[in-house]
>>> print(open('target.txt').read())   # compact mmCIF, C-alpha atoms
# COMPACT_ATOMS: atom_id res chain seq x y z
CA MET V 825 -27.35 38.42 70.33
CA ARG V 826 -25.91 34.99 71.00
CA LEU V 827 -28.37 33.41 68.53
CA THR V 828 -27.28 35.78 65.77
CA THR V 829 -23.60 34.94 66.37
CA SER V 830 -24.36 31.19 66.24
CA ARG V 831 -26.39 31.66 63.12
CA THR V 832 -23.63 33.71 61.45
CA LEU V 833 -21.06 31.07 62.40
CA LEU V 834 -23.28 28.32 61.00
CA ILE V 835 -23.78 30.21 57.73
CA ALA V 836 -20.04 30.92 57.45
CA THR V 837 -19.22 27.24 58.07
CA PHE V 838 -21.79 26.17 55.48
CA LEU V 839 -20.39 28.63 52.89
CA PHE V 840 -16.85 27.45 53.64
CA ILE V 841 -17.88 23.83 53.03
CA VAL V 842 -19.71 24.73 49.79
CA VAL V 843 -16.73 26.73 48.49
CA THR V 844 -14.35 23.88 49.42
CA ILE V 845 -16.54 21.38 47.55
CA ILE V 846 -16.69 23.62 44.46
CA ILE V 847 -12.91 24.16 44.42
CA SER V 848 -12.28 20.43 44.91
CA ALA V 849 -14.69 19.54 42.11
CA ALA V 850 -13.06 22.04 39.74
CA TYR V 851 -9.57 20.72 40.56
CA SER V 852 -10.73 17.11 40.13
CA TYR V 853 -12.37 17.93 36.80
CA GLN V 854 -9.22 19.66 35.57
CA THR V 855 -7.05 16.69 36.62
CA VAL V 856 -9.34 14.17 34.91
CA TRP V 857 -9.56 16.36 31.78
CA ARG V 858 -5.74 16.63 31.57
CA ALA V 859 -5.34 12.84 31.91
CA HIS V 860 -8.01 12.29 29.24
CA SER V 861 -6.32 14.79 26.87
CA LYS V 862 -2.96 13.03 27.26
CA LYS V 863 -4.58 9.67 26.53
CA GLU V 864 -6.34 11.11 23.46
CA GLU V 865 -3.02 12.49 22.24
CA LEU V 866 -1.36 9.07 22.57
CA THR V 867 -4.18 7.46 20.55
CA TYR V 868 -4.65 10.27 18.00
CA MET V 869 -6.43 9.09 14.83
CA GLY V 870 -6.90 5.64 16.35
CA SER V 871 -3.20 4.83 16.58
CA GLN V 872 -2.13 2.46 19.37
CA GLY V 873 1.10 1.66 21.22
CA TRP V 874 2.50 5.17 21.65
CA GLU V 875 4.13 6.23 24.90
CA TRP V 876 5.67 9.49 26.05
CA TYR V 877 9.29 9.95 25.02
CA ASN V 878 9.55 13.62 26.05
CA GLU V 879 6.25 14.76 27.49
CA ALA V 880 7.42 18.37 27.92
CA LEU V 881 8.04 18.61 24.15
CA ARG V 882 4.95 16.41 23.46
CA LEU V 883 7.12 13.80 21.69
CA GLN V 884 5.92 10.20 21.64
CA ILE V 885 7.74 6.99 20.75
CA LYS V 886 6.51 3.64 19.54
CA TYR V 887 8.39 0.36 19.63
CA VAL V 888 7.16 -2.56 17.55
CA GLU V 889 8.77 -5.99 17.88
CA GLY V 890 11.07 -6.68 14.93
CA GLU V 891 10.87 -3.13 13.53
CA LEU V 892 12.75 0.11 14.05
CA PRO V 893 11.00 2.61 16.37
CA ALA V 894 9.22 5.80 15.38
CA ILE V 895 8.90 9.19 17.07
CA ARG V 896 5.91 11.46 16.56
CA LYS V 897 4.26 14.65 17.69
CA VAL V 898 0.53 15.34 17.47
CA TYR V 899 -0.79 18.71 16.33
CA SER V 900 -4.45 18.08 17.13
CA ASN V 901 -5.48 21.74 16.75
CA ASP V 902 -4.13 21.68 13.18
CA LYS V 903 -5.45 18.14 12.61
CA TYR V 904 -2.22 16.33 11.78
CA ALA V 905 0.51 14.23 13.36
CA ALA V 906 4.19 14.30 12.36
CA LEU V 907 6.22 11.10 12.54
CA VAL V 908 9.91 10.36 11.90
CA THR V 909 11.48 6.95 11.56
CA ILE V 910 14.61 5.48 10.03
CA SER V 911 14.70 2.87 7.28
CA ASP V 912 16.75 -0.31 7.15
CA ALA V 913 19.05 1.57 4.78
CA GLY V 914 19.68 4.35 7.34
CA ARG V 915 17.61 7.04 5.62
CA PHE V 916 15.30 9.14 7.74
CA ARG V 917 11.67 9.14 6.70
CA GLY V 918 9.13 11.75 7.72
CA PHE V 919 5.37 11.33 7.59
CA ILE V 920 2.59 13.84 8.11
CA PHE V 921 -0.74 12.12 8.78
CA PHE V 922 -3.64 14.46 8.09
CA ASP V 923 -6.91 13.82 9.89
CA SER V 924 -8.89 13.92 6.67
CA PRO V 925 -10.58 10.96 4.93
CA CYS V 926 -9.52 9.88 1.44
CA GLN V 927 -9.83 7.08 -1.13
CA GLU V 928 -7.58 4.19 -0.02
CA GLY V 929 -4.49 3.64 -2.16
CA SER V 930 -4.67 6.82 -4.23
CA VAL V 931 -1.44 8.76 -4.88
CA ILE V 932 -2.11 12.48 -5.06
CA SER V 933 1.41 13.73 -5.83
CA GLU V 934 4.95 12.46 -6.02
CA THR V 935 8.02 14.67 -6.37
CA ARG V 936 11.59 13.39 -6.66
CA TYR V 937 14.61 15.55 -5.85
CA HIS V 938 18.27 14.87 -6.62
CA SER V 939 20.95 16.61 -4.59
CA SER V 940 24.33 17.63 -6.00
CA SER V 941 25.79 14.45 -4.45
CA GLY V 942 23.33 12.30 -6.39
CA GLU V 943 21.16 11.44 -3.37
CA GLU V 944 17.50 11.09 -4.19
CA SER V 945 14.72 12.41 -1.96
CA VAL V 946 11.06 11.73 -2.57
CA ASP V 947 8.01 13.68 -1.40
CA VAL V 948 4.71 11.79 -1.72
CA LEU V 949 1.12 12.60 -0.74
CA HIS V 950 -1.04 9.49 -0.81
CA CYS V 951 -3.92 7.84 0.99
CA LEU V 952 -3.07 5.23 3.62
CA ARG V 953 -5.68 3.56 5.83
CA GLY V 954 -8.24 6.16 4.82
CA LYS V 955 -6.12 9.23 5.80
CA PHE V 956 -3.92 11.53 3.72
CA VAL V 957 -0.22 10.95 4.39
CA PHE V 958 2.62 13.16 3.16
CA MET V 959 5.99 11.41 3.07
CA LYS V 960 9.52 12.76 2.72
CA THR V 961 12.93 11.11 2.94
CA TRP V 962 16.24 12.59 4.06
CA PRO V 963 19.68 11.06 3.53
CA ALA V 964 20.82 12.41 6.92
CA GLU V 965 19.19 13.34 10.22
CA PRO V 966 16.72 16.21 9.66
CA ASP V 967 17.46 19.11 11.98
CA GLN V 968 15.51 22.04 10.58
CA ASN V 969 11.93 23.16 10.30
CA TRP V 970 9.92 20.91 8.04
CA ARG V 971 7.04 22.79 6.55
CA GLY V 972 4.94 22.45 3.52
CA ASP V 973 1.76 23.13 1.64
CA VAL V 974 0.38 20.05 -0.07
CA GLY V 975 -2.91 20.52 -1.87
CA ASP V 976 -5.34 21.90 0.70
CA PHE V 977 -3.05 20.95 3.60
CA SER V 978 -0.25 22.78 5.33
CA PHE V 979 2.04 21.82 8.20
CA GLU V 980 5.06 23.01 10.16
CA VAL V 981 7.23 20.82 12.36
CA GLU V 982 10.24 22.01 14.40
CA LEU V 983 12.49 18.98 13.87
CA LYS V 984 15.50 20.71 15.43
CA ASP V 985 13.84 20.16 18.84
CA TRP V 986 13.42 16.41 18.28
CA ASP V 987 16.00 14.07 19.78
CA LEU V 988 16.24 11.22 17.27
CA THR V 989 18.84 9.30 19.29
CA PRO V 990 16.54 6.27 19.87
CA LEU V 991 16.07 5.92 16.11
CA LYS V 992 19.80 6.07 15.40
CA ARG V 993 20.59 3.72 18.27
CA ALA V 994 18.04 1.15 17.06
CA TYR V 995 19.34 1.43 13.50
CA TYR V 996 22.97 0.89 14.53
CA LYS V 997 21.95 -2.01 16.74
CA SER V 998 20.03 -3.59 13.85
CA GLN V 999 23.10 -3.29 11.62
CA ALA V 1000 25.58 -4.68 14.12
CA THR V 1001 27.01 -8.13 13.53
CA LEU V 1002 28.98 -10.29 15.87
CA ILE V 1003 32.49 -11.21 14.86
>>> encode(input="target.txt", output="structure tokens")
Amino acid sequence: MRLTTSRTLLIATFLFIVVTIIISAAYSYQTVWRAHSKKEELTYMGSQGWEWYNEALRLQIKYVEGELPAIRKVYSNDKYAALVTISDAGRFRGFIFFDSPCQEGSVISETRYHSSSGEESVDVLHCLRGKFVFMKTWPAEPDQNWRGDVGDFSFEVELKDWDLTPLKRAYYKSQATLI
């Protein structure tokens, strides 16, 4: 009887150790996979220098010496990344980078819009660095959904959730002059 109890205890201990190892391995794998996914998102389509601006909203920011910053969000399941920056003239520019190869330098479409105030906006789909890029300009901060169908591509970006304060701050700082 005592031998059976010892044997049962030994088997239970062994099973406990095996289950603990399996759970630990699964947790470790999940942790490593999450870290790898975040790194892949920051380097989507080979881009470098991005860091998390608002990780909960999946927004990234990139600062380049001597240039105004950019904010982007990657939609890897839909195979595109949305990016917003501000020009030296204070106009907001939006870019959708599609993960699809193309002939470098080709312009697929260009549409110009004139508002009632005379402001001009331009929508362009062209090939840049071997990927399709859709570009749009806004005279003021975009704060609505930006969606579109361009050729075989479609996208939807919730810009109202994006905090573009770093872009505006960098623009105003670049325009400031000392008296």
>>> closest_atom_pairs(input="target.txt", of="range 867-967 of chain V", to="range 975-985 of chain V", cutoff="9 Å", atoms="all atoms listed in the file", output="CSV")
residue,atom,partner,partner_atom,distance
V:Leu881,CA,V:Asp985,CA,8.0
V:Lys897,CA,V:Val981,CA,8.7
V:Asp902,CA,V:Phe979,CA,7.9
V:Tyr904,CA,V:Phe979,CA,7.8
V:Ala906,CA,V:Val981,CA,7.2
V:Ile920,CA,V:Phe979,CA,8.0
V:Phe922,CA,V:Phe977,CA,7.9
V:Ile932,CA,V:Gly975,CA,8.7
V:Ser933,CA,V:Gly975,CA,9.0
V:Leu949,CA,V:Gly975,CA,9.0
V:Pro966,CA,V:Leu983,CA,6.6
V:Asp967,CA,V:Lys984,CA,4.3
>>> atom_distance(input="target.txt", atom1="CA of Leu866 in chain V", atom2="CA of Asp923 in chain V")
14.6 Å
>>> atom_distance(input="target.txt", atom1="CA of Phe956 in chain V", atom2="CA of Phe921 in chain V")
6.0 Å
>>> atom_distance(input="target.txt", atom1="CA of Gly929 in chain V", atom2="CA of Lys955 in chain V")
9.9 Å
>>> residues_around(input="target.txt", residues="Ala964 in chain V", least_positions_apart="2", cutoff="10 Å", atoms="all atoms listed in the file", output="ChimeraX atom specification")
/V:910,914-917,961-962,966-967
